[in-house]
$ cat upload.cif   # mmCIF, C-alpha atoms and all ligand atoms
data_input
#
loop_
_atom_site.label_atom_id
_atom_site.label_comp_id
_atom_site.auth_asym_id
_atom_site.auth_seq_id
_atom_site.Cartn_x
_atom_site.Cartn_y
_atom_site.Cartn_z
CA MET B 1 88.09 50.14 101.00
CA ARG B 2 88.40 46.50 102.08
CA ARG B 3 91.64 45.86 103.94
CA SER B 4 93.05 42.77 105.63
CA VAL B 5 96.37 41.31 106.68
CA LEU B 6 97.33 37.69 106.14
CA LYS B 7 99.44 36.61 109.12
CA ASN B 8 100.82 33.45 110.74
CA LEU B 9 102.65 32.35 107.60
CA ARG B 10 105.61 30.00 107.61
CA GLY B 11 106.90 31.91 104.62
CA LEU B 12 106.18 33.72 101.38
CA LEU B 13 107.60 32.70 98.00
CA THR B 14 107.26 35.06 95.06
CA PRO B 15 109.17 36.06 91.94
CA ASP B 16 110.23 39.71 91.85
CA PRO B 17 108.55 41.35 88.83
CA ARG B 18 111.28 44.02 88.63
CA LYS B 19 113.90 41.38 87.81
CA ALA B 20 114.01 38.46 85.37
CA TRP B 21 114.89 35.55 87.62
CA VAL B 22 114.85 36.62 91.28
CA VAL B 23 112.63 34.72 93.72
CA ASP B 24 112.02 36.26 97.14
CA ARG B 25 111.69 33.96 100.16
CA ILE B 26 110.38 35.72 103.23
CA PRO B 27 110.17 33.57 106.38
CA GLY B 28 107.52 34.58 108.94
CA ALA B 29 105.81 36.73 106.31
CA ALA B 30 102.69 38.85 106.30
CA VAL B 31 100.68 40.08 103.29
CA ALA B 32 98.57 43.23 103.45
CA VAL B 33 95.65 43.25 101.00
CA GLU B 34 93.51 46.18 99.92
CA ASP B 35 90.53 45.78 97.56
CA GLY B 36 91.76 42.44 96.26
CA ARG B 37 95.29 43.70 95.53
CA VAL B 38 98.51 43.13 97.41
CA ALA B 39 99.44 46.39 99.16
CA TRP B 40 102.48 45.33 101.18
CA ILE B 41 104.64 42.23 101.80
CA GLY B 42 107.38 41.66 104.37
CA THR B 43 108.03 39.93 107.67
CA GLU B 44 105.19 40.02 110.16
CA ALA B 45 107.52 41.79 112.63
CA HIS B 46 107.90 44.69 110.18
CA LEU B 47 104.22 45.22 109.37
CA PRO B 48 103.74 49.02 109.06
CA ALA B 49 101.73 50.66 111.85
CA ALA B 50 99.08 51.76 109.33
CA TRP B 51 98.01 48.10 109.09
CA ALA B 52 97.88 47.41 112.85
CA ASP B 53 94.08 47.73 113.01
CA ALA B 54 93.26 45.85 109.80
CA PRO B 55 91.31 42.58 110.17
CA VAL B 56 93.65 39.57 110.41
CA VAL B 57 93.33 36.43 108.29
CA ASP B 58 95.08 33.38 109.76
CA GLY B 59 97.43 31.66 107.31
CA GLY B 60 97.66 28.53 109.49
CA ASP B 61 101.48 28.38 109.35
CA ALA B 62 101.42 27.71 105.59
CA TRP B 63 103.66 28.96 102.79
CA VAL B 64 101.90 31.58 100.72
CA THR B 65 102.52 31.88 96.97
CA PRO B 66 100.90 33.38 93.88
CA GLY B 67 98.97 30.90 91.73
CA PHE B 68 100.48 29.17 88.72
CA VAL B 69 99.70 30.57 85.26
CA ASP B 70 99.50 28.07 82.37
CA PRO B 71 100.25 29.94 79.11
CA HIS B 72 99.69 27.09 76.61
CA THR B 73 96.72 24.70 76.75
CA HIS B 74 94.35 23.09 74.28
CA LEU B 75 91.62 23.01 76.92
CA LEU B 76 88.62 22.13 74.75
CA PHE B 77 88.28 19.00 72.64
CA GLY B 78 85.89 16.06 72.32
CA GLY B 79 86.73 12.49 73.37
CA ASP B 80 90.10 11.24 74.54
CA ARG B 81 92.82 9.06 73.05
CA SER B 82 93.57 6.54 75.81
CA GLN B 83 92.84 3.56 73.51
CA GLU B 84 95.25 4.89 70.92
CA PHE B 85 97.80 5.46 73.65
CA ASN B 86 97.64 1.80 74.61
CA ARG B 87 97.99 0.73 70.96
CA ARG B 88 101.18 2.78 70.84
CA LEU B 89 102.38 0.94 73.95
CA HIS B 90 101.69 -2.30 72.06
CA GLY B 91 104.04 -1.09 69.33
CA VAL B 92 101.63 0.24 66.69
CA PRO B 93 103.31 3.27 65.05
CA TYR B 94 101.50 6.63 65.06
CA THR B 95 101.69 6.71 61.24
CA GLN B 96 99.56 3.54 61.08
CA ILE B 97 97.10 4.90 63.65
CA ALA B 98 96.86 8.13 61.63
CA ALA B 99 96.44 6.22 58.33
CA GLU B 100 93.48 4.40 59.91
CA GLY B 101 91.82 7.74 60.72
CA GLY B 102 93.07 7.90 64.32
CA GLY B 103 95.34 10.41 66.00
CA ILE B 104 94.39 14.06 65.73
CA ARG B 105 91.69 13.22 63.15
CA GLU B 106 89.90 11.19 65.82
CA THR B 107 89.89 14.22 68.14
CA VAL B 108 88.71 16.50 65.31
CA ARG B 109 85.80 14.11 64.62
CA ALA B 110 84.84 13.98 68.31
CA THR B 111 85.13 17.78 68.62
CA ARG B 112 83.03 18.45 65.51
CA THR B 113 80.19 16.30 66.86
CA ALA B 114 80.33 17.69 70.43
CA THR B 115 77.69 20.21 71.51
CA VAL B 116 78.64 23.49 73.16
CA ALA B 117 77.17 22.18 76.42
CA GLU B 118 79.36 19.06 76.24
CA LEU B 119 82.45 21.15 75.52
CA VAL B 120 81.68 23.48 78.43
CA ALA B 121 81.15 20.56 80.82
CA ALA B 122 84.45 18.94 79.79
CA GLY B 123 86.22 22.28 80.04
CA GLU B 124 84.89 22.98 83.53
CA ALA B 125 85.96 19.57 84.81
CA ARG B 126 89.49 20.20 83.49
CA LEU B 127 89.61 23.75 84.85
CA ARG B 128 88.52 22.52 88.30
CA GLU B 129 91.27 19.92 88.25
CA MET B 130 93.84 22.60 87.39
CA ARG B 131 92.49 25.06 89.97
CA ASP B 132 92.67 22.39 92.69
CA ARG B 133 96.36 21.99 91.82
CA GLY B 134 97.09 25.71 92.05
CA VAL B 135 96.55 27.08 88.52
CA VAL B 136 94.71 30.42 88.63
CA HIS B 137 94.82 31.55 84.99
CA ILE B 138 95.32 29.80 81.65
CA GLU B 139 95.68 30.43 77.94
CA ALA B 140 93.32 28.19 75.95
CA LYS B 141 93.28 27.49 72.22
CA THR B 142 90.68 26.48 69.67
CA GLY B 143 92.03 24.18 66.95
CA TYR B 144 90.28 20.81 67.09
CA GLY B 145 87.37 21.98 64.93
CA LEU B 146 89.29 22.74 61.73
CA GLU B 147 86.08 23.98 60.13
CA LEU B 148 84.40 27.32 60.68
CA GLU B 149 81.30 26.17 62.56
CA ALA B 150 83.21 23.79 64.84
CA GLU B 151 85.82 26.48 65.62
CA SER B 152 82.92 28.83 66.29
CA ARG B 153 81.37 26.37 68.76
CA LEU B 154 84.72 26.22 70.59
CA CYS B 155 84.66 30.04 70.83
CA GLU B 156 81.09 29.88 72.12
CA ALA B 157 82.16 27.38 74.78
CA TYR B 158 85.10 29.59 75.84
CA LEU B 159 82.75 32.59 76.04
CA GLU B 160 80.49 30.59 78.34
CA LEU B 161 83.40 29.44 80.53
CA LYS B 162 84.52 33.07 80.91
CA ALA B 163 80.96 34.09 81.78
CA LYS B 164 81.00 31.41 84.51
CA GLY B 165 84.00 33.23 86.00
CA TRP B 166 86.92 31.11 84.79
CA SER B 167 90.04 33.18 84.22
CA LEU B 168 91.34 32.43 80.72
CA ASP B 169 92.74 34.03 77.57
CA VAL B 170 91.56 32.65 74.23
CA THR B 171 93.79 31.96 71.22
CA LEU B 172 92.36 31.19 67.76
CA LEU B 173 94.14 28.19 66.22
CA PRO B 174 92.18 27.03 63.14
CA ALA B 175 95.61 26.37 61.58
CA HIS B 176 96.41 23.60 64.09
CA ASP B 177 96.53 21.02 61.29
CA ILE B 178 95.40 20.58 57.70
CA PRO B 179 91.83 19.19 57.75
CA THR B 180 91.11 16.16 55.54
CA GLU B 181 88.95 18.41 53.31
CA PHE B 182 92.17 20.29 52.41
CA ALA B 183 94.59 17.32 52.32
CA GLY B 184 97.60 18.33 50.22
CA ASP B 185 96.51 21.98 50.07
CA PRO B 186 97.92 23.82 53.12
CA GLU B 187 98.28 26.88 50.87
CA GLY B 188 94.56 27.03 50.13
CA TYR B 189 93.64 26.30 53.74
CA SER B 190 95.97 28.98 55.13
CA ARG B 191 94.40 31.53 52.75
CA LEU B 192 90.91 30.53 53.88
CA VAL B 193 91.87 30.89 57.55
CA ALA B 194 93.60 34.24 57.01
CA GLU B 195 91.08 35.81 54.65
CA GLN B 196 87.76 34.42 55.90
CA TRP B 197 87.76 32.45 59.14
CA LEU B 198 89.76 34.74 61.44
CA PRO B 199 87.74 37.85 60.44
CA GLU B 200 84.50 35.88 60.80
CA LEU B 201 85.38 34.47 64.25
CA VAL B 202 86.45 37.92 65.51
CA HIS B 203 83.20 39.36 64.09
CA ARG B 204 81.08 36.69 65.82
CA PHE B 205 82.93 36.92 69.15
CA PRO B 206 84.19 40.49 69.50
CA GLY B 207 86.80 40.87 72.22
CA LEU B 208 86.91 37.15 73.06
CA ALA B 209 90.26 36.17 71.54
CA ARG B 210 93.47 38.10 72.20
CA TYR B 211 95.82 35.85 70.23
CA CYS B 212 96.12 33.64 67.17
CA ASP B 213 98.40 30.67 66.64
CA VAL B 214 99.67 28.50 63.76
CA PHE B 215 101.35 25.08 63.86
CA ILE B 216 104.47 25.81 61.84
CA GLU B 217 106.17 22.49 61.15
CA THR B 218 107.60 20.42 58.32
CA GLY B 219 104.61 18.84 56.55
CA VAL B 220 102.08 21.16 58.20
CA PHE B 221 102.32 24.95 57.65
CA THR B 222 105.35 26.80 56.31
CA VAL B 223 106.76 30.03 57.75
CA GLU B 224 105.26 31.90 54.75
CA GLN B 225 101.78 30.42 55.33
CA GLY B 226 102.12 31.20 59.04
CA ARG B 227 103.14 34.78 58.33
CA ARG B 228 100.04 35.25 56.16
CA ILE B 229 97.76 34.06 58.97
CA PHE B 230 99.55 36.05 61.66
CA GLN B 231 99.44 39.25 59.60
CA ALA B 232 95.70 38.77 59.11
CA GLY B 233 95.42 38.22 62.87
CA LYS B 234 97.43 41.35 63.61
CA ALA B 235 95.07 43.44 61.47
CA LEU B 236 92.26 42.10 63.68
CA GLY B 237 94.11 42.94 66.91
CA LEU B 238 95.33 39.38 67.59
CA GLN B 239 98.93 38.97 68.75
CA ALA B 240 100.93 35.92 67.61
CA ARG B 241 101.67 32.83 69.68
CA VAL B 242 103.53 30.33 67.50
CA HIS B 243 103.79 26.51 67.61
CA ALA B 244 107.45 26.60 66.58
CA ASP B 245 110.42 24.29 66.02
CA GLU B 246 108.79 21.34 67.81
CA LEU B 247 109.78 18.34 65.68
CA SER B 248 112.31 20.05 63.41
CA TRP B 249 113.77 23.51 62.87
CA THR B 250 111.60 25.60 60.55
CA GLY B 251 112.28 29.14 61.78
CA GLY B 252 109.13 29.58 63.87
CA ALA B 253 111.01 31.36 66.67
CA GLU B 254 112.53 33.81 64.19
CA LEU B 255 109.07 34.46 62.75
CA ALA B 256 107.62 35.15 66.21
CA ALA B 257 110.41 37.70 66.78
CA GLU B 258 109.88 39.31 63.35
CA LEU B 259 106.15 39.72 64.06
CA GLY B 260 106.57 41.06 67.59
CA GLY B 261 104.65 38.02 68.82
CA ALA B 262 103.82 37.23 72.43
CA SER B 263 105.40 33.79 72.45
CA ALA B 264 107.02 30.96 70.53
CA ASP B 265 106.18 27.58 71.98
CA HIS B 266 107.75 24.06 72.07
CA LEU B 267 111.16 25.02 70.57
CA MET B 268 112.90 21.68 71.00
CA PHE B 269 114.78 22.40 67.75
CA CYS B 270 115.13 26.17 68.10
CA SER B 271 118.24 27.73 66.50
CA GLU B 272 120.66 29.97 68.37
CA ALA B 273 119.69 32.80 66.03
CA GLY B 274 116.07 32.18 67.04
CA MET B 275 116.96 32.39 70.73
CA LYS B 276 118.82 35.68 70.24
CA ALA B 277 115.95 37.08 68.17
CA MET B 278 113.42 36.16 70.87
CA ALA B 279 115.56 37.73 73.60
CA ALA B 280 116.00 40.93 71.56
CA SER B 281 112.31 41.30 70.68
CA GLY B 282 110.81 40.28 74.04
CA VAL B 283 109.11 37.12 72.73
CA THR B 284 108.57 34.62 75.55
CA PRO B 285 109.86 31.13 74.74
CA ILE B 286 107.31 28.72 76.24
CA LEU B 287 108.67 25.23 76.85
CA LEU B 288 106.39 22.19 77.21
CA PRO B 289 108.33 19.35 78.81
CA THR B 290 105.37 17.03 79.50
CA THR B 291 104.92 16.77 75.71
CA THR B 292 108.52 15.63 75.25
CA LEU B 293 107.98 13.13 78.07
CA PHE B 294 104.68 11.77 76.76
CA LEU B 295 105.96 11.41 73.18
CA GLY B 296 108.94 9.47 74.50
CA MET B 297 111.36 11.91 72.91
CA ARG B 298 114.83 12.74 74.13
CA ASP B 299 115.06 16.19 72.57
CA TRP B 300 114.39 18.36 75.62
CA ALA B 301 114.13 22.04 74.76
CA PRO B 302 117.42 23.91 75.30
CA ALA B 303 116.23 25.89 78.33
CA ARG B 304 119.71 26.63 79.66
CA LYS B 305 120.92 28.07 76.36
CA MET B 306 117.82 30.23 76.14
CA ILE B 307 118.31 31.59 79.64
CA GLU B 308 121.96 32.31 78.83
CA SER B 309 120.80 34.08 75.62
CA GLY B 310 118.74 36.45 77.74
CA CYS B 311 115.30 34.90 77.16
CA ARG B 312 112.62 35.03 79.85
CA VAL B 313 111.63 31.38 79.52
CA ALA B 314 108.14 30.23 80.57
CA LEU B 315 106.83 26.69 81.11
CA ALA B 316 103.37 25.33 80.27
CA SER B 317 101.40 22.07 80.26
CA ASP B 318 100.41 21.97 76.55
CA PHE B 319 97.34 20.12 77.88
CA ASN B 320 95.90 18.20 74.87
CA PRO B 321 94.59 14.68 74.17
CA GLY B 322 97.38 13.48 71.88
CA SER B 323 100.72 14.50 73.30
CA SER B 324 100.18 15.92 76.81
CA PRO B 325 97.06 14.80 78.69
CA CYS B 326 98.45 16.49 81.78
CA LEU B 327 96.68 18.96 84.07
CA ASP B 328 99.35 18.91 86.79
CA PRO B 329 101.54 22.01 87.14
CA LEU B 330 103.88 20.20 89.52
CA LEU B 331 104.80 17.60 86.87
CA VAL B 332 105.74 20.47 84.54
CA LEU B 333 107.77 22.08 87.34
CA ARG B 334 109.54 18.79 88.11
CA LEU B 335 110.45 18.19 84.46
CA GLY B 336 111.68 21.78 84.22
CA CYS B 337 114.14 20.98 87.01
CA LEU B 338 114.95 17.35 86.19
CA GLN B 339 115.10 17.41 82.38
CA LEU B 340 115.44 21.04 81.27
CA ARG B 341 118.12 21.55 83.95
CA MET B 342 116.50 24.67 85.31
CA THR B 343 117.00 25.58 88.97
CA PHE B 344 113.93 25.42 91.21
CA GLU B 345 113.82 29.23 91.25
CA GLU B 346 114.03 29.41 87.44
CA ALA B 347 111.36 26.75 86.83
CA TYR B 348 109.10 28.39 89.42
CA THR B 349 109.52 31.86 87.85
CA ALA B 350 108.84 30.30 84.44
CA MET B 351 105.46 28.98 85.65
CA THR B 352 104.37 32.16 87.39
CA LEU B 353 105.90 35.53 86.47
CA HIS B 354 107.12 34.76 82.95
CA ALA B 355 103.98 32.82 82.06
CA ALA B 356 101.87 35.80 83.17
CA GLN B 357 104.10 38.27 81.30
CA SER B 358 103.64 36.30 78.07
CA LEU B 359 99.89 36.92 78.49
CA GLY B 360 100.32 40.63 79.21
CA ARG B 361 99.26 40.23 82.85
CA PRO B 362 101.62 42.24 85.11
CA ASP B 363 99.21 41.63 88.00
CA LEU B 364 99.60 37.83 87.99
CA GLY B 365 102.44 35.43 88.76
CA HIS B 366 103.87 37.30 91.76
CA LEU B 367 102.79 38.84 95.09
CA HIS B 368 104.54 42.20 95.04
CA PRO B 369 102.39 45.31 95.62
CA GLY B 370 99.83 45.77 92.85
CA ALA B 371 99.41 42.05 92.21
CA GLU B 372 96.02 40.36 92.28
CA ALA B 373 95.70 38.85 95.75
CA THR B 374 94.73 35.36 94.57
CA VAL B 375 97.04 33.73 97.07
CA LEU B 376 97.58 30.01 97.60
CA LEU B 377 98.44 28.43 100.95
CA TRP B 378 100.60 25.30 100.97
CA ASP B 379 101.06 23.08 104.03
CA VAL B 380 104.72 22.25 103.38
CA LYS B 381 107.94 22.83 105.29
CA ASP B 382 109.34 24.47 102.16
CA PRO B 383 108.02 24.79 98.57
CA LEU B 384 111.12 22.89 97.40
CA GLU B 385 109.24 19.79 98.56
CA TRP B 386 107.02 20.07 95.44
CA VAL B 387 109.98 18.92 93.37
CA TYR B 388 111.96 16.91 95.91
CA TRP B 389 109.10 14.51 96.78
CA VAL B 390 108.95 13.76 93.10
CA GLY B 391 105.72 11.72 93.05
CA GLY B 392 104.08 13.60 95.91
CA THR B 393 100.61 15.09 95.83
CA PHE B 394 100.44 18.69 96.98
CA ARG B 395 97.21 20.68 96.90
CA PRO B 396 97.01 24.31 97.98
CA ARG B 397 94.32 25.89 100.10
CA THR B 398 92.74 29.18 99.10
CA LEU B 399 91.30 31.92 101.28
CA ASN B 400 87.80 31.91 99.78
ZN ZN Z 1 100.17 23.04 71.70
#
$ encode --input "upload.cif" --output "structure tokens" --more "lines below"
Ligand SMILES: [Zn+2]
Amino acid sequence: MRRSVLKNLRGLLTPDPRKAWVVDRIPGAAVAVEDGRVAWIGTEAHLPAAWADAPVVDGGDAWVTPGFVDPHTHLLFGGDRSQEFNRRLHGVPYTQIAAEGGGIRETVRATRTATVAELVAAGEARLREMRDRGVVHIEAKTGYGLELEAESRLCEAYLELKAKGWSLDVTLLPAHDIPTEFAGDPEGYSRLVAEQWLPELVHRFPGLARYCDVFIETGVFTVEQGRRIFQAGKALGLQARVHADELSWTGGAELAAELGGASADHLMFCSEAGMKAMAASGVTPILLPTTTLFLGMRDWAPARKMIESGCRVALASDFNPGSSPCLDPLLVLRLGCLQLRMTFEEAYTAMTLHAAQSLGRPDLGHLHPGAEATVLLWDVKDPLEWVYWVGGTFRPRTLN
């Protein structure tokens, strides 16, 4: 049994996993750790006698917190779209860029020609960047291959990243868009994904993916086509995470609730019925404010209404090359407070406890007994500074 006590802490900040929105602040805290799990938290003055002889780890007067969990990323893709971004700044509309073969098609081309080694190298660089900013676990999607072999290479790259020790959950998203080979035929493509590609990917990579996802949106996939893919996924043991109600209301949140999905994501145009359905069925609404920011939209997701409806809202980066090239959890946290009108405690819970719960990880996103002891140490007077110093750079220390 390996035991230690983390002492000399300015404070401890953690959501309480027994409640939806309660954040504990413990000044002068200590954390007792046994075999990599939190065994006890409280003030150093109240450390139980049983821990008096345990080896002490010096926290250096820092605030200790659990790591951030990012429950929605498109981690792996080839190339980047900075040139296109600048063309948009020069006033060229996305429709023209897309008509010229740019936009997501550019990323699909670059992803299809990337080798597994190139994808792994890009993925590791991005994961390191996130880890250095305090993210300890992510959800990561396929979806820039849009053909079986390219989607398969993305799975292979995720398998390799997991083997290298990166903590991530994989979601299959071949229905991220309609590939040019199926232009005008989302029906045929959704059948192919449901009937052939999902079973084949699960067969090739048993146990790798836990979830599947579909971009349900006007002009992309309908609720009916999404349901077909999700039901095929369910039969293969994949739970639904849904790109829902991002640019218009289509009923994606309602579908996620009907299917007993893990999450419905984006939700800028979610209906009140959708919010109630998510609250009743335990679907986590995952809001992605950096995407709204980067697209220059004003339609911030209705976080307050969702919280009032009883939803356990989570926040995520939506890291992707087109609409959210952002690896910074603190920008997401800041937008949660400044644009989604969440309190600091709510936005923080949304990026830790609720994000972890949407991924079925009761041991992440908090530091109550039983949690994984992947603690972060922050040299701040108070964690509120992360948001208050709005352009500030804050990097945590870790114990290892
Ligand atoms: Zn996304």
$ residues_near_ligand --input "upload.cif" --ligand "ligand ZN 1 (chain Z)" --cutoff "8 Å" --atoms "all atoms listed in the file" --output "PDB file with C-alpha atoms, keeping the file's coordinate frame"
ATOM      1  CA  HIS B  72      99.690  27.090  76.610  1.00  0.00           C
ATOM      2  CA  THR B  73      96.720  24.700  76.750  1.00  0.00           C
ATOM      3  CA  HIS B  74      94.350  23.090  74.280  1.00  0.00           C
ATOM      4  CA  HIS B 243     103.790  26.510  67.610  1.00  0.00           C
ATOM      5  CA  ASP B 265     106.180  27.580  71.980  1.00  0.00           C
ATOM      6  CA  HIS B 266     107.750  24.060  72.070  1.00  0.00           C
ATOM      7  CA  ASP B 318     100.410  21.970  76.550  1.00  0.00           C
ATOM      8  CA  PHE B 319      97.340  20.120  77.880  1.00  0.00           C
ATOM      9  CA  ASN B 320      95.900  18.200  74.870  1.00  0.00           C
TER      10      ASN B 320
END
$ residues_around --input "upload.cif" --residues "range 23-28 of chain B" --least-positions-apart "2" --cutoff "7 Å" --atoms "only C-alpha atoms" --output "list in words"
Leu9, Arg10, Gly11, Leu12, Leu13, Thr14, Pro15, Asp16, Trp21, Ala30, Gly42, Thr43, Glu44 and Glu345 of chain B
$ atom_distance --input "upload.cif" --atom1 "CA of Tyr94 in chain B" --atom2 "CA of Ala314 in chain B"
29.0 Å
$ closest_residue --input "upload.cif" --among "B:Thr291, B:Ser167, B:Thr65, B:Ser190" --to "Tyr348 in chain B" --atoms "only C-alpha atoms"
B:Thr65
$ closest_residue --input "upload.cif" --among "B:Glu34, B:Ala49, B:Ala62, B:Pro362" --to "Val380 in chain B" --atoms "only C-alpha atoms"
B:Ala62
$ atom_distance --input "upload.cif" --atom1 "CA of Asp80 in chain B" --atom2 "CA of Arg112 in chain B"
13.5 Å
$ build_atoms --input "upload.cif" --residues "range 9-29 of chain B" --atoms "N, CA and C atoms" --output "short mmCIF file (atom, residue, chain, number, x, y, z; two decimals), in the frame of the given file"
data_model
loop_
_atom_site.label_atom_id
_atom_site.label_comp_id
_atom_site.auth_asym_id
_atom_site.auth_seq_id
_atom_site.Cartn_x
_atom_site.Cartn_y
_atom_site.Cartn_z
N LEU B 9 102.17 33.07 108.78
CA LEU B 9 102.65 32.35 107.60
C LEU B 9 104.04 31.81 107.88
N ARG B 10 104.26 30.57 107.48
CA ARG B 10 105.61 30.00 107.61
C ARG B 10 106.57 30.77 106.70
N GLY B 11 106.07 31.14 105.53
CA GLY B 11 106.90 31.91 104.62
C GLY B 11 106.12 32.38 103.41
N LEU B 12 106.76 33.23 102.63
CA LEU B 12 106.18 33.72 101.38
C LEU B 12 107.19 33.48 100.27
N LEU B 13 106.72 32.94 99.15
CA LEU B 13 107.60 32.70 98.00
C LEU B 13 107.01 33.45 96.81
N THR B 14 107.77 34.35 96.24
CA THR B 14 107.26 35.06 95.06
C THR B 14 108.41 35.51 94.15
N PRO B 15 108.21 35.41 92.83
CA PRO B 15 109.17 36.06 91.94
C PRO B 15 109.08 37.57 92.12
N ASP B 16 110.18 38.25 91.80
CA ASP B 16 110.23 39.71 91.85
C ASP B 16 110.00 40.25 90.44
N PRO B 17 108.88 40.92 90.20
CA PRO B 17 108.55 41.35 88.83
C PRO B 17 109.51 42.40 88.26
N ARG B 18 110.34 43.00 89.13
CA ARG B 18 111.28 44.02 88.63
C ARG B 18 112.54 43.38 88.06
N LYS B 19 112.69 42.06 88.29
CA LYS B 19 113.90 41.38 87.81
C LYS B 19 113.48 40.12 87.05
N ALA B 20 114.40 39.59 86.22
CA ALA B 20 114.01 38.46 85.37
C ALA B 20 113.90 37.15 86.13
N TRP B 21 114.81 36.89 87.04
CA TRP B 21 114.89 35.55 87.62
C TRP B 21 115.05 35.54 89.13
N VAL B 22 114.63 36.57 89.83
CA VAL B 22 114.85 36.62 91.28
C VAL B 22 113.60 36.17 92.02
N VAL B 23 113.75 35.18 92.90
CA VAL B 23 112.63 34.72 93.72
C VAL B 23 112.88 35.13 95.16
N ASP B 24 111.91 35.85 95.73
CA ASP B 24 112.02 36.26 97.14
C ASP B 24 111.44 35.16 98.02
N ARG B 25 112.17 34.88 99.11
CA ARG B 25 111.69 33.96 100.16
C ARG B 25 111.65 34.77 101.43
N ILE B 26 110.49 34.93 102.00
CA ILE B 26 110.38 35.72 103.23
C ILE B 26 109.83 34.83 104.34
N PRO B 27 110.68 34.38 105.26
CA PRO B 27 110.17 33.57 106.38
C PRO B 27 109.35 34.44 107.32
N GLY B 28 108.34 33.84 107.99
CA GLY B 28 107.52 34.58 108.94
C GLY B 28 106.85 35.79 108.31
N ALA B 29 106.31 35.60 107.10
CA ALA B 29 105.81 36.73 106.31
C ALA B 29 104.40 37.17 106.70
#
